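> My structure is in upload_30.cif, and what it holds is mmCIF, C-alpha atoms:
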data_structure
#
loop_
_atom_site.label_atom_id
_atom_site.label_comp_id
_atom_site.auth_asym_id
_atom_site.auth_seq_id
_atom_site.Cartn_x
_atom_site.Cartn_y
_atom_site.Cartn_z
CA MET W 1382 27.87 -9.97 -35.44
CA ALA W 1383 25.13 -7.53 -34.40
CA ARG W 1384 25.33 -4.08 -35.98
CA HIS W 1385 23.31 -0.91 -35.46
CA LEU W 1386 21.55 0.79 -38.36
CA LYS W 1387 20.27 3.37 -35.84
CA ARG W 1388 21.31 4.25 -32.29
CA GLY W 1389 19.55 6.15 -29.52
CA ILE W 1390 20.66 9.10 -27.41
CA ASP W 1391 23.93 8.94 -25.46
CA ALA W 1392 23.58 7.49 -21.95
CA SER W 1393 25.36 10.48 -20.35
CA ALA W 1394 22.51 12.81 -21.32
CA VAL W 1395 20.04 10.50 -19.59
CA LYS W 1396 22.13 10.50 -16.38
CA GLU W 1397 22.23 14.30 -16.32
CA ALA W 1398 18.45 14.52 -16.56
CA ASP W 1399 18.08 11.89 -13.82
CA ALA W 1400 20.22 13.96 -11.44
CA LYS W 1401 17.93 16.97 -11.80
CA VAL W 1402 14.86 14.84 -11.14
CA ARG W 1403 16.45 13.37 -8.00
CA GLU W 1404 17.13 16.78 -6.50
CA THR W 1405 13.63 18.10 -7.22
CA VAL W 1406 11.93 15.04 -5.72
CA GLU W 1407 14.11 15.15 -2.60
CA HIS W 1408 12.98 18.71 -1.83
CA ILE W 1409 9.30 17.90 -2.45
CA LEU W 1410 9.30 14.85 -0.18
CA ALA W 1411 11.07 16.76 2.59
CA ASP W 1412 8.43 19.47 2.35
CA ILE W 1413 5.57 16.95 2.57
CA GLU W 1414 7.15 15.26 5.58
CA ALA W 1415 7.59 18.59 7.34
CA ARG W 1416 4.28 20.28 6.53
CA GLY W 1417 1.89 17.47 5.60
CA ASP W 1418 -1.45 18.52 4.11
CA GLU W 1419 -0.39 22.14 3.77
CA ALA W 1420 2.53 21.17 1.52
CA VAL W 1421 0.41 18.70 -0.46
CA ARG W 1422 -2.20 21.38 -1.16
CA GLU W 1423 0.40 23.93 -2.27
CA LEU W 1424 2.13 21.41 -4.53
CA SER W 1425 -1.12 20.28 -6.12
CA LYS W 1426 -2.07 23.88 -6.80
CA LYS W 1427 1.38 24.62 -8.24
CA PHE W 1428 1.67 21.58 -10.52
CA ASP W 1429 -1.95 20.72 -11.32
CA GLN W 1430 -3.89 23.94 -10.53
CA TRP W 1431 -6.00 21.79 -8.22
CA ALA W 1432 -6.74 22.53 -4.55
CA PRO W 1433 -10.24 21.34 -3.54
CA GLU W 1434 -11.50 21.34 0.02
CA SER W 1435 -10.88 17.58 0.12
CA PHE W 1436 -8.77 15.55 -2.29
CA ARG W 1437 -10.69 12.43 -1.35
CA LEU W 1438 -13.85 11.78 -3.35
CA SER W 1439 -17.03 11.15 -1.39
CA LYS W 1440 -19.38 8.31 -2.26
CA GLN W 1441 -21.65 10.80 -4.02
CA GLU W 1442 -18.76 12.27 -6.02
CA VAL W 1443 -17.70 8.78 -7.10
CA GLU W 1444 -21.25 8.02 -8.26
CA ARG W 1445 -21.46 11.32 -10.16
CA ALA W 1446 -18.17 10.58 -11.93
CA ILE W 1447 -19.29 7.08 -12.92
CA GLY W 1448 -22.55 8.57 -14.22
CA LYS W 1449 -20.56 10.56 -16.78
CA VAL W 1450 -19.02 7.44 -18.35
CA ALA W 1451 -20.71 5.99 -21.43
CA LYS W 1452 -22.37 2.59 -21.01
CA ARG W 1453 -20.09 0.94 -23.59
CA ASP W 1454 -17.00 2.32 -21.82
CA LEU W 1455 -18.22 0.94 -18.48
CA GLU W 1456 -18.79 -2.45 -20.10
CA ASP W 1457 -15.28 -2.37 -21.59
CA ILE W 1458 -13.76 -1.50 -18.21
CA ARG W 1459 -15.61 -4.38 -16.56
CA PHE W 1460 -14.47 -6.76 -19.32
CA ALA W 1461 -10.83 -5.75 -18.94
CA GLN W 1462 -10.99 -6.08 -15.16
CA ALA W 1463 -12.53 -9.53 -15.49
CA GLN W 1464 -9.53 -10.65 -17.57
CA VAL W 1465 -7.03 -9.20 -15.08
CA ARG W 1466 -8.93 -10.69 -12.13
CA ASN W 1467 -9.15 -14.13 -13.73
CA PHE W 1468 -5.41 -14.33 -14.45
CA ALA W 1469 -4.52 -12.99 -10.97
CA GLU W 1470 -6.77 -15.61 -9.37
CA LYS W 1471 -5.03 -18.35 -11.38
CA GLN W 1472 -1.64 -16.99 -10.29
CA LYS W 1473 -2.71 -16.90 -6.65
CA ALA W 1474 -3.83 -20.51 -6.85
CA CYS W 1475 -0.18 -21.42 -7.57
CA ILE W 1476 1.00 -19.77 -4.33
CA LEU W 1477 0.55 -22.24 -1.51
CA ASP W 1478 1.15 -22.18 2.21
CA LEU W 1479 3.61 -24.83 3.38
CA GLU W 1480 4.14 -26.97 6.48
CA VAL W 1481 6.57 -29.87 6.53
CA GLU W 1482 8.25 -32.08 9.15
CA THR W 1483 11.91 -31.84 8.11
CA LEU W 1484 13.21 -34.01 10.99
CA PRO W 1485 11.25 -36.04 13.53
CA GLY W 1486 9.61 -33.44 15.76
CA VAL W 1487 10.78 -30.41 13.71
CA ILE W 1488 8.04 -28.53 11.85
CA LEU W 1489 8.88 -25.76 9.38
CA GLY W 1490 6.43 -23.77 7.32
CA HIS W 1491 5.47 -20.56 5.66
CA ARG W 1492 2.30 -18.51 5.29
CA ASN W 1493 1.49 -16.11 2.46
CA ILE W 1494 0.13 -13.01 4.19
CA PRO W 1495 -1.34 -10.10 2.20
CA VAL W 1496 0.17 -6.65 2.70
CA SER W 1497 -2.20 -4.71 4.96
CA SER W 1498 -2.47 -1.48 2.96
CA ILE W 1499 -1.32 -0.23 -0.42
CA GLY W 1500 -1.34 3.00 -2.37
CA CYS W 1501 -2.08 2.66 -6.10
CA TYR W 1502 -0.99 5.46 -8.39
CA VAL W 1503 -2.79 5.84 -11.72
CA PRO W 1504 -1.09 8.24 -14.17
CA GLY W 1505 -3.29 10.80 -15.86
CA GLY W 1506 -1.11 13.57 -17.23
CA ARG W 1507 -0.60 13.21 -20.99
CA TYR W 1508 -3.00 10.26 -21.15
CA PRO W 1509 -5.59 9.09 -18.59
CA MET W 1510 -4.23 5.60 -17.87
CA VAL W 1511 -7.50 3.88 -17.00
CA ALA W 1512 -5.91 0.44 -17.41
CA SER W 1513 -3.40 1.09 -14.62
CA ALA W 1514 -6.26 0.99 -12.15
CA HIS W 1515 -7.09 -2.56 -13.24
CA MET W 1516 -3.51 -3.72 -12.96
CA SER W 1517 -2.85 -2.51 -9.44
CA ILE W 1518 -6.20 -2.36 -7.65
CA VAL W 1519 -7.81 -5.53 -9.04
CA THR W 1520 -4.63 -7.56 -8.48
CA ALA W 1521 -4.25 -6.28 -4.91
CA ARG W 1522 -7.86 -7.12 -4.15
CA VAL W 1523 -7.37 -10.67 -5.42
CA ALA W 1524 -4.30 -10.97 -3.18
CA GLY W 1525 -6.42 -10.02 -0.15
CA VAL W 1526 -5.05 -6.55 0.66
CA LYS W 1527 -7.31 -5.05 3.34
CA ARG W 1528 -7.09 -1.30 2.53
CA ILE W 1529 -6.51 0.05 -0.97
CA THR W 1530 -5.89 3.75 -1.50
CA ALA W 1531 -5.95 5.04 -5.08
CA CYS W 1532 -4.67 8.36 -6.43
CA ALA W 1533 -4.86 9.90 -9.89
CA PRO W 1534 -4.15 13.49 -10.92
CA PRO W 1535 -6.95 15.83 -11.99
CA PHE W 1536 -7.78 15.77 -15.68
CA GLN W 1537 -9.10 18.93 -17.32
CA GLY W 1538 -9.98 20.46 -13.98
CA GLY W 1539 -11.45 17.53 -12.07
CA PRO W 1540 -11.53 13.77 -11.56
CA HIS W 1541 -11.36 11.74 -14.75
CA PRO W 1542 -14.69 9.85 -14.82
CA ALA W 1543 -13.37 6.66 -16.43
CA ILE W 1544 -10.40 6.44 -14.03
CA VAL W 1545 -12.75 6.89 -11.07
CA ALA W 1546 -15.02 4.16 -12.46
CA ALA W 1547 -12.07 1.79 -12.90
CA MET W 1548 -10.80 2.50 -9.38
CA HIS W 1549 -14.26 1.95 -7.89
CA PHE W 1550 -15.06 -1.24 -9.80
CA GLY W 1551 -11.56 -2.53 -9.12
CA GLY W 1552 -12.16 -2.33 -5.37
CA ALA W 1553 -10.46 0.85 -4.11
CA ASP W 1554 -11.48 1.82 -0.57
CA GLU W 1555 -10.33 5.46 -0.84
CA ILE W 1556 -10.09 7.50 -4.06
CA TYR W 1557 -8.12 10.74 -4.16
CA VAL W 1558 -7.80 13.23 -6.99
CA LEU W 1559 -4.13 13.95 -6.41
CA GLY W 1560 -1.16 13.52 -8.71
CA GLY W 1561 2.59 13.47 -9.01
CA VAL W 1562 5.16 13.36 -6.23
CA GLN W 1563 2.65 14.96 -3.85
CA ALA W 1564 0.38 11.91 -4.20
CA ILE W 1565 3.23 9.44 -3.76
CA GLY W 1566 4.61 11.35 -0.78
CA ALA W 1567 1.24 11.72 0.91
CA MET W 1568 0.44 8.01 0.62
CA ALA W 1569 3.88 6.89 1.79
CA LEU W 1570 4.48 9.41 4.57
CA GLY W 1571 0.90 10.03 5.63
CA THR W 1572 -0.75 13.34 6.46
CA ALA W 1573 -3.59 14.41 8.74
CA SER W 1574 -6.12 13.67 5.98
CA ILE W 1575 -4.39 10.87 4.04
CA PRO W 1576 -3.44 7.77 6.06
CA ARG W 1577 -0.06 6.25 5.19
CA VAL W 1578 0.18 2.93 3.38
CA ASP W 1579 2.61 0.02 3.62
CA MET W 1580 3.34 -0.26 -0.10
CA LEU W 1581 3.24 1.86 -3.26
CA VAL W 1582 2.39 0.45 -6.68
CA GLY W 1583 1.72 1.73 -10.16
CA PRO W 1584 3.61 3.45 -12.99
CA GLY W 1585 4.20 7.16 -13.45
CA ASN W 1586 6.54 9.73 -14.93
CA ALA W 1587 10.21 10.16 -14.01
CA TYR W 1588 9.32 12.18 -10.89
CA VAL W 1589 6.88 9.56 -9.63
CA ALA W 1590 9.41 6.77 -10.22
CA GLU W 1591 12.11 8.74 -8.39
CA ALA W 1592 9.78 9.42 -5.47
CA LYS W 1593 9.14 5.69 -5.14
CA ARG W 1594 12.88 5.03 -5.27
CA GLN W 1595 13.60 7.54 -2.50
CA LEU W 1596 10.76 6.21 -0.32
CA PHE W 1597 11.65 2.55 -0.74
CA GLY W 1598 12.50 1.10 2.65
CA ARG W 1599 10.05 3.31 4.47
CA VAL W 1600 7.39 1.63 2.36
CA GLY W 1601 7.53 -1.24 -0.08
CA ILE W 1602 7.25 -0.66 -3.82
CA ASP W 1603 6.34 -2.86 -6.74
CA LEU W 1604 9.28 -1.81 -8.93
CA LEU W 1605 10.88 1.28 -10.42
CA ALA W 1606 8.89 1.81 -13.60
CA GLY W 1607 10.60 4.29 -15.93
CA PRO W 1608 9.56 5.35 -19.43
CA THR W 1609 7.73 2.68 -21.45
CA GLU W 1610 10.08 0.49 -23.48
CA THR W 1611 9.31 -1.76 -26.42
CA LEU W 1612 11.46 -4.21 -28.33
CA ILE W 1613 10.41 -6.00 -31.49
CA ILE W 1614 12.18 -9.16 -32.62
CA ALA W 1615 11.22 -9.90 -36.22
CA ASP W 1616 12.27 -11.77 -39.33
CA GLU W 1617 11.09 -11.81 -42.95
CA SER W 1618 7.87 -13.61 -41.97
CA VAL W 1619 6.38 -10.15 -41.28
CA ASP W 1620 6.60 -6.79 -43.03
CA GLY W 1621 7.76 -3.28 -42.26
CA GLU W 1622 4.27 -1.87 -41.77
CA ILE W 1623 3.37 -4.07 -38.80
CA CYS W 1624 6.82 -3.56 -37.22
CA ALA W 1625 6.61 0.23 -37.63
CA THR W 1626 3.06 0.33 -36.28
CA ASP W 1627 4.02 -1.62 -33.17
CA LEU W 1628 7.15 0.45 -32.52
CA LEU W 1629 5.27 3.75 -32.76
CA GLY W 1630 2.37 2.29 -30.79
CA GLN W 1631 4.61 2.39 -27.72
CA ALA W 1632 6.79 5.37 -28.67
CA GLU W 1633 3.71 7.59 -28.32
CA HIS W 1634 3.81 7.02 -24.53
CA GLY W 1635 6.35 9.81 -24.17
CA PRO W 1636 9.39 11.51 -25.72
CA THR W 1637 11.81 9.34 -23.71
CA SER W 1638 10.28 5.94 -24.54
CA PRO W 1639 12.81 3.60 -26.18
CA ALA W 1640 11.61 1.60 -29.20
CA VAL W 1641 14.01 -1.01 -30.58
CA LEU W 1642 13.89 -3.34 -33.58
CA ILE W 1643 16.08 -6.45 -33.64
CA THR W 1644 15.98 -8.43 -36.86
CA ASN W 1645 18.03 -10.83 -38.94
CA SER W 1646 16.78 -9.16 -42.15
CA GLU W 1647 18.38 -5.92 -43.29
CA LYS W 1648 15.59 -5.53 -45.85
CA LEU W 1649 12.96 -5.67 -43.07
CA ALA W 1650 15.01 -3.19 -41.02
CA ARG W 1651 15.10 -0.64 -43.82
CA ASP W 1652 11.47 -1.23 -44.79
CA THR W 1653 10.48 -0.61 -41.16
CA GLN W 1654 12.40 2.66 -41.03
CA ARG W 1655 10.67 3.85 -44.21
CA GLU W 1656 7.27 2.86 -42.82
CA ILE W 1657 7.99 4.75 -39.59
CA GLU W 1658 8.61 7.94 -41.56
CA ARG W 1659 5.37 7.41 -43.50
CA LEU W 1660 3.30 6.79 -40.37
CA LEU W 1661 4.78 9.77 -38.56
CA LYS W 1662 3.19 12.00 -41.21
CA ILE W 1663 -0.32 10.82 -40.32
CA LEU W 1664 -0.16 9.66 -36.68
CA PRO W 1665 -2.14 12.01 -34.38
CA THR W 1666 0.49 11.60 -31.63
CA ALA W 1667 3.41 12.03 -34.04
CA ASP W 1668 4.93 14.94 -32.12
CA VAL W 1669 5.63 12.67 -29.14
CA ALA W 1670 6.34 9.48 -31.08
CA ARG W 1671 8.81 11.19 -33.44
CA LYS W 1672 10.82 12.64 -30.54
CA ALA W 1673 10.98 9.22 -28.89
CA TRP W 1674 11.99 7.50 -32.10
CA GLU W 1675 14.62 10.05 -33.07
CA ASP W 1676 16.23 10.17 -29.60
CA TYR W 1677 15.69 6.63 -28.30
CA GLY W 1678 14.91 4.45 -31.31
CA GLU W 1679 17.32 1.70 -32.33
CA VAL W 1680 17.58 -0.74 -35.22
CA ILE W 1681 19.89 -3.74 -34.77
CA VAL W 1682 20.61 -6.32 -37.46
CA CYS W 1683 21.77 -9.77 -36.31
CA ASP W 1684 23.05 -12.87 -38.09
CA ASP W 1685 20.58 -15.41 -36.70
CA ASP W 1686 18.02 -16.23 -34.00
CA ALA W 1687 20.66 -17.04 -31.39
CA GLU W 1688 22.28 -13.64 -31.81
CA MET W 1689 18.87 -11.96 -31.64
CA VAL W 1690 18.29 -13.69 -28.29
CA ARG W 1691 21.66 -12.43 -26.98
CA GLU W 1692 20.93 -8.87 -28.08
CA ALA W 1693 17.40 -8.97 -26.70
CA ASP W 1694 18.62 -10.21 -23.30
CA ARG W 1695 21.24 -7.45 -23.28
CA VAL W 1696 18.56 -4.81 -23.94
CA ALA W 1697 16.25 -6.42 -21.31
CA SER W 1698 13.23 -4.48 -22.52
CA GLU W 1699 9.97 -3.98 -20.67
CA HIS W 1700 7.89 -5.29 -23.59
CA VAL W 1701 9.24 -7.77 -26.12
CA GLN W 1702 7.14 -8.57 -29.17
CA VAL W 1703 8.32 -11.59 -31.16
CA MET W 1704 7.19 -11.88 -34.78
CA THR W 1705 9.27 -14.66 -36.27
CA LYS W 1706 8.75 -18.07 -37.91
CA ASP W 1707 9.30 -19.75 -34.54
CA PRO W 1708 8.35 -17.37 -31.69
CA ASP W 1709 8.49 -20.19 -29.13
CA TYR W 1710 12.26 -20.36 -29.68
CA PHE W 1711 12.48 -16.99 -27.94
CA LEU W 1712 10.11 -18.06 -25.17
CA THR W 1713 12.42 -21.00 -24.49
CA HIS W 1714 15.75 -19.17 -24.73
CA MET W 1715 15.19 -15.58 -23.55
CA THR W 1716 15.75 -14.79 -19.87
CA SER W 1717 15.56 -10.99 -19.47
CA TYR W 1718 12.27 -9.27 -20.33
CA GLY W 1719 9.23 -7.77 -18.66
CA ALA W 1720 6.60 -9.51 -20.78
CA LEU W 1721 6.69 -11.47 -24.03
CA PHE W 1722 4.13 -11.07 -26.83
CA LEU W 1723 4.49 -14.07 -29.11
CA GLY W 1724 3.42 -13.99 -32.74
CA PRO W 1725 1.91 -11.27 -34.94
CA ARG W 1726 -1.65 -11.90 -33.69
CA THR W 1727 -0.87 -10.36 -30.31
CA ASN W 1728 0.78 -7.06 -29.46
CA VAL W 1729 1.82 -4.87 -26.54
CA ALA W 1730 -1.41 -2.85 -26.57
CA TYR W 1731 -3.34 -6.04 -25.75
CA GLY W 1732 -1.20 -6.50 -22.67
CA ASP W 1733 -1.37 -2.82 -21.77
CA LYS W 1734 -5.15 -2.65 -21.79
CA VAL W 1735 -7.14 -5.83 -21.69
CA ILE W 1736 -5.74 -9.33 -22.21
CA GLY W 1737 -5.19 -10.03 -18.51
CA THR W 1738 -1.45 -10.02 -17.84
CA ASN W 1739 -0.17 -7.11 -15.77
CA HIS W 1740 1.23 -4.07 -17.56
CA THR W 1741 3.34 -2.71 -14.68
CA LEU W 1742 6.70 -4.11 -15.77
CA PRO W 1743 10.46 -3.64 -15.19
CA THR W 1744 12.28 -0.98 -17.21
CA ARG W 1745 15.87 0.29 -17.47
CA LYS W 1746 17.27 -3.24 -17.58
CA ALA W 1747 15.62 -4.24 -14.28
CA ALA W 1748 14.33 -7.29 -16.16
CA HIS W 1749 17.78 -8.77 -15.49
CA TYR W 1750 16.68 -9.33 -11.88
CA THR W 1751 12.89 -8.98 -11.53
CA GLY W 1752 9.60 -9.57 -13.23
CA GLY W 1753 6.61 -7.25 -13.20
CA LEU W 1754 3.72 -6.62 -10.86
CA TRP W 1755 1.62 -9.70 -10.09
CA VAL W 1756 -0.53 -11.03 -7.29
CA GLY W 1757 2.54 -12.40 -5.49
CA LYS W 1758 3.96 -8.89 -5.04
CA PHE W 1759 1.17 -8.17 -2.57
CA LEU W 1760 1.92 -11.25 -0.48
CA LYS W 1761 4.55 -11.61 2.24
CA THR W 1762 5.88 -15.17 2.48
CA CYS W 1763 6.60 -15.46 6.20
CA THR W 1764 8.23 -18.52 7.75
CA TYR W 1765 7.62 -20.21 11.12
CA GLN W 1766 9.02 -23.16 13.03
CA LYS W 1767 7.92 -25.50 15.79
CA VAL W 1768 9.94 -28.11 17.73
CA LEU W 1769 7.56 -30.69 19.15
CA THR W 1770 9.79 -33.08 21.12
CA ASP W 1771 12.59 -32.90 23.69
CA GLU W 1772 14.75 -35.12 21.51
CA ALA W 1773 14.39 -32.83 18.50
CA SER W 1774 15.23 -29.71 20.51
CA ALA W 1775 18.32 -31.32 22.01
CA LEU W 1776 19.48 -32.62 18.60
CA ILE W 1777 19.13 -29.25 16.87
CA GLY W 1778 20.59 -27.57 19.96
CA ARG W 1779 23.85 -29.49 19.81
CA TYR W 1780 24.43 -28.57 16.17
CA CYS W 1781 23.39 -24.98 16.80
CA SER W 1782 25.68 -24.61 19.80
CA ARG W 1783 28.76 -25.79 17.92
CA LEU W 1784 27.98 -23.60 14.89
CA CYS W 1785 27.47 -20.53 17.10
CA ILE W 1786 30.85 -21.07 18.77
CA LEU W 1787 32.41 -21.48 15.32
CA GLU W 1788 31.27 -17.93 14.56
CA GLY W 1789 32.15 -16.53 17.99
CA PHE W 1790 28.55 -16.00 19.16
CA SER W 1791 28.71 -17.27 22.73
CA ALA W 1792 25.33 -15.82 23.78
CA HIS W 1793 23.72 -17.41 20.73
CA ALA W 1794 25.32 -20.70 21.76
CA GLU W 1795 23.86 -20.41 25.24
CA GLN W 1796 20.35 -20.12 23.73
CA ALA W 1797 20.97 -23.61 22.36
CA ASN W 1798 22.83 -24.90 25.41
CA VAL W 1799 20.04 -24.10 27.88
CA ARG W 1800 17.69 -26.24 25.82
CA VAL W 1801 20.19 -29.08 25.48
CA ARG W 1802 20.53 -29.08 29.27
CA ARG W 1803 16.76 -29.02 29.82
CA TYR W 1804 15.63 -31.39 27.10
CA GLY W 1805 18.66 -33.59 26.40
CA GLY W 1806 18.67 -35.69 29.55
CA ARG W 1807 21.80 -36.47 31.56
CA ASN W 1808 25.40 -36.48 30.32
CA VAL W 1809 24.65 -34.17 27.43
CA GLU W 1810 27.47 -32.69 25.36
CA TYR W 1811 27.48 -29.29 23.73
CA ALA W 1812 29.99 -26.68 22.70
CA GLN W 1813 31.46 -24.25 25.23
CA PRO W 1814 32.96 -20.83 24.57
CA ALA W 1815 36.76 -20.70 24.54
CA ALA W 1816 38.28 -19.56 27.83
#
If you convert what's in this file into structure tokens, what do you get?


Amino acid sequence: MARHLKRGIDASAVKEADAKVRETVEHILADIEARGDEAVRELSKKFDQWAPESFRLSKQEVERAIGKVAKRDLEDIRFAQAQVRNFAEKQKACILDLEVETLPGVILGHRNIPVSSIGCYVPGGRYPMVASAHMSIVTARVAGVKRITACAPPFQGGPHPAIVAAMHFGGADEIYVLGGVQAIGAMALGTASIPRVDMLVGPGNAYVAEAKRQLFGRVGIDLLAGPTETLIIADESVDGEICATDLLGQAEHGPTSPAVLITNSEKLARDTQREIERLLKILPTADVARKAWEDYGEVIVCDDDAEMVREADRVASEHVQVMTKDPDYFLTHMTSYGALFLGPRTNVAYGDKVIGTNHTLPTRKAAHYTGGLWVGKFLKTCTYQKVLTDEASALIGRYCSRLCILEGFSAHAEQANVRVRRYGGRNVEYAQPAA
């Protein structure tokens, strides 16, 4: 039976913090909707001390920003984007249009139509998340999105050069130096200077995620990405150092980032905890990572692989790193995760930055019902139908008429009946509404 050697913070404290975020975001979005650019400018000045004449970068400003990025960094950005683009192209190749004759004279089909416009948010508060530009912009461009708007907050008093380079090389049509809820609200609601988009994508802090939640329905969203989560499943085939390194490697994202170890070895569990304490004395981001580990870290000891699968599916973590004798066992049996990282040779940082899979993934147990961002998220699968013969229309019409009357929809039934009368020849039979 699974048992905890360490538990995280009580869920009620998380709910209380969420309620405060909801209220704050609600007021900000209402202000943006009412006052447009004026509200956006005031909010940017208040939260980011940033209020330029135009939030949108000109072509010259984009070129100047790219000119500040070291040649090696530009090469690395291009390499990472090539990996993301390649995988997205392979995914898109799996998504096919369809047309099939289901009955003689009845044609059904679907088309995969790209979303017309999207807004990509690239976080840049604690860390400039250059890789997020690859994940959203490159993938959307592969999908065929026509207009891509990209926003990132100012960094140290201006646009972050590497983020601007990644946005530009990724294929963004409009680049804005604008962050937080004000960026999300401006893209979704539209202002005089920032055209609205049809869909919002990209990770962000709790306020950004809540803004996307509140705006969902008015625009589409990729998913509700909360604090970064990592789960390690490990056995005695690895040691405490590598487990501790990989847990803290994600805990440094922020003080509310859960990091969980599931193992069938109590020795490995305790070794990992000791290694975490050692690494926290030397890690440059230890102030953040320690808070995350102390408040949200968990260590769970299980009896066997099957129990580890059950616990892992219950946790439904964003990132799941499997370092066991047989990692493919977990690939075969697990059902609830954002992304799997199989074997000690790979790790979550590879997925976050460069390997090619998308790093915008479900959190807060959303992996029970959705996967992460991928090229298919930018495509609308829209159906169509054609009836080519009189006989087919009359045949379908008779069934439709009777089924409509079964449900009490007499006007629906008449849509079918008029076609049965026109296309079914003489002496046709169809359902009639009850008197």

> Decode the PyMOL selection byres ((chain W and resi 1507-1512) around 9) for the given file into explicit residues and return them as a list in words.

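With the shown file as input, the PyMOL selection byres ((chain W and resi 1507-1512) around 9) matches Ile1458, Ala1461, Gln1462, Val1503, Pro1504, Gly1505, Gly1506, Ser1513, Ala1514, His1515, Met1516, Ala1533, Pro1534, Phe1536, His1541, Ala1543, Ile1544, Val1545, Ala1546, Ala1547, Met1548, His1634, Gly1635, Asp1733, Lys1734, Val1735 and His1740 of chain W.
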
> May I have the residues within 8 Å of Asp1620 (chain W) as an mmCIF file with C-alpha atoms, keeping the file's coordinate frame, using only C-alpha atoms and disregarding those fewer than 4 positions away in the same chain?


data_model
loop_
_atom_site.group_PDB
_atom_site.id
_atom_site.type_symbol
_atom_site.label_atom_id
_atom_site.label_comp_id
_atom_site.auth_asym_id
_atom_site.auth_seq_id
_atom_site.Cartn_x
_atom_site.Cartn_y
_atom_site.Cartn_z
ATOM 1 C CA CYS W 1624 6.820 -3.560 -37.220
ATOM 2 C CA LEU W 1649 12.960 -5.670 -43.070
ATOM 3 C CA ASP W 1652 11.470 -1.230 -44.790
ATOM 4 C CA THR W 1653 10.480 -0.610 -41.160
#

> Please indicate the distance in Å from CA of Asp1685 (chain W) to CA of His1385 (chain W), rounded to one decimal place.

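Interatomic distance here is 14.8 Å.
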
> Kindly indicate which residue among W:Ala1573, W:Ala1411, W:Val1641, W:Val1562 lies nearest to Glu1591 (chain W), using only C-alpha atoms for the distances.

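Ranked by minimum distance to Glu1591 (chain W), first place goes to W:Val1562.
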
> Using CA of Cys1781 (chain W) and CA of Asp1478 (chain W) as the two end points, give the distance in Å to one decimal.

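CA of Cys1781 (chain W) sits 26.7 Å away from CA of Asp1478 (chain W).
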
> Apply the PyMOL selection byres ((chain W and resi 1755) around 9) to the displayed file and report the matching residues as a PDB file with C-alpha atoms, in the frame of the given file.


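Listing of result_24.pdb after writing:
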ATOM      1  CA  ALA W1469      -4.520 -12.990 -10.970  1.00  0.00           C
ATOM      2  CA  GLN W1472      -1.640 -16.990 -10.290  1.00  0.00           C
ATOM      3  CA  MET W1516      -3.510  -3.720 -12.960  1.00  0.00           C
ATOM      4  CA  SER W1517      -2.850  -2.510  -9.440  1.00  0.00           C
ATOM      5  CA  THR W1520      -4.630  -7.560  -8.480  1.00  0.00           C
ATOM      6  CA  ALA W1521      -4.250  -6.280  -4.910  1.00  0.00           C
ATOM      7  CA  ASP W1603       6.340  -2.860  -6.740  1.00  0.00           C
ATOM      8  CA  THR W1738      -1.450 -10.020 -17.840  1.00  0.00           C
ATOM      9  CA  ASN W1739      -0.170  -7.110 -15.770  1.00  0.00           C
ATOM     10  CA  THR W1741       3.340  -2.710 -14.680  1.00  0.00           C
ATOM     11  CA  GLY W1752       9.600  -9.570 -13.230  1.00  0.00           C
ATOM     12  CA  GLY W1753       6.610  -7.250 -13.200  1.00  0.00           C
ATOM     13  CA  LEU W1754       3.720  -6.620 -10.860  1.00  0.00           C
ATOM     14  CA  VAL W1756      -0.530 -11.030  -7.290  1.00  0.00           C
ATOM     15  CA  GLY W1757       2.540 -12.400  -5.490  1.00  0.00           C
ATOM     16  CA  LYS W1758       3.960  -8.890  -5.040  1.00  0.00           C
ATOM     17  CA  PHE W1759       1.170  -8.170  -2.570  1.00  0.00           C
TER      18      PHE W1759
END

> For a test of reading the model, state the distance in Å between CA of Ala1625 (chain W) and CA of Arg1726 (chain W), rounded to one decimal.

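So the answer is 15.2 Å.
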
> What are the centre and the three edge lengths of an axis-aligned box that wraps all atoms of region 1456-1470 of chain W in the file, given that 8 Å is added to every side, written as lines of an AutoDock Vina configuration file and rounded to one decimal in Å?


center_x = -11.7
center_y = -8.6
center_z = -15.5
size_x = 30.3
size_y = 30.1
size_z = 28.2

> Could you tell me which residues the PyMOL selection byres ((chain W and resi 1608) around 8) returns for this structure, as a VMD selection string?

chain W and resid 1586 to 1587 1606 to 1607 1609 to 1610 1634 to 1635 1637 to 1639 1744

> If you keep C-alpha atoms, can you produce a file of those selected residues as a PDB file, keeping the file's coordinate frame?


ATOM      1  CA  ASN W1586       6.540   9.730 -14.930  1.00  0.00           C
ATOM      2  CA  ALA W1587      10.210  10.160 -14.010  1.00  0.00           C
ATOM      3  CA  ALA W1606       8.890   1.810 -13.600  1.00  0.00           C
ATOM      4  CA  GLY W1607      10.600   4.290 -15.930  1.00  0.00           C
ATOM      5  CA  THR W1609       7.730   2.680 -21.450  1.00  0.00           C
ATOM      6  CA  GLU W1610      10.080   0.490 -23.480  1.00  0.00           C
ATOM      7  CA  HIS W1634       3.810   7.020 -24.530  1.00  0.00           C
ATOM      8  CA  GLY W1635       6.350   9.810 -24.170  1.00  0.00           C
ATOM      9  CA  THR W1637      11.810   9.340 -23.710  1.00  0.00           C
ATOM     10  CA  SER W1638      10.280   5.940 -24.540  1.00  0.00           C
ATOM     11  CA  PRO W1639      12.810   3.600 -26.180  1.00  0.00           C
ATOM     12  CA  THR W1744      12.280  -0.980 -17.210  1.00  0.00           C
TER      13      THR W1744
END

> Taking only C-alpha atoms into account, which of W:Ala1590, W:Val1801, W:Arg1528, W:His1793 comes nearest Ile1777 (chain W)?

W:Val1801
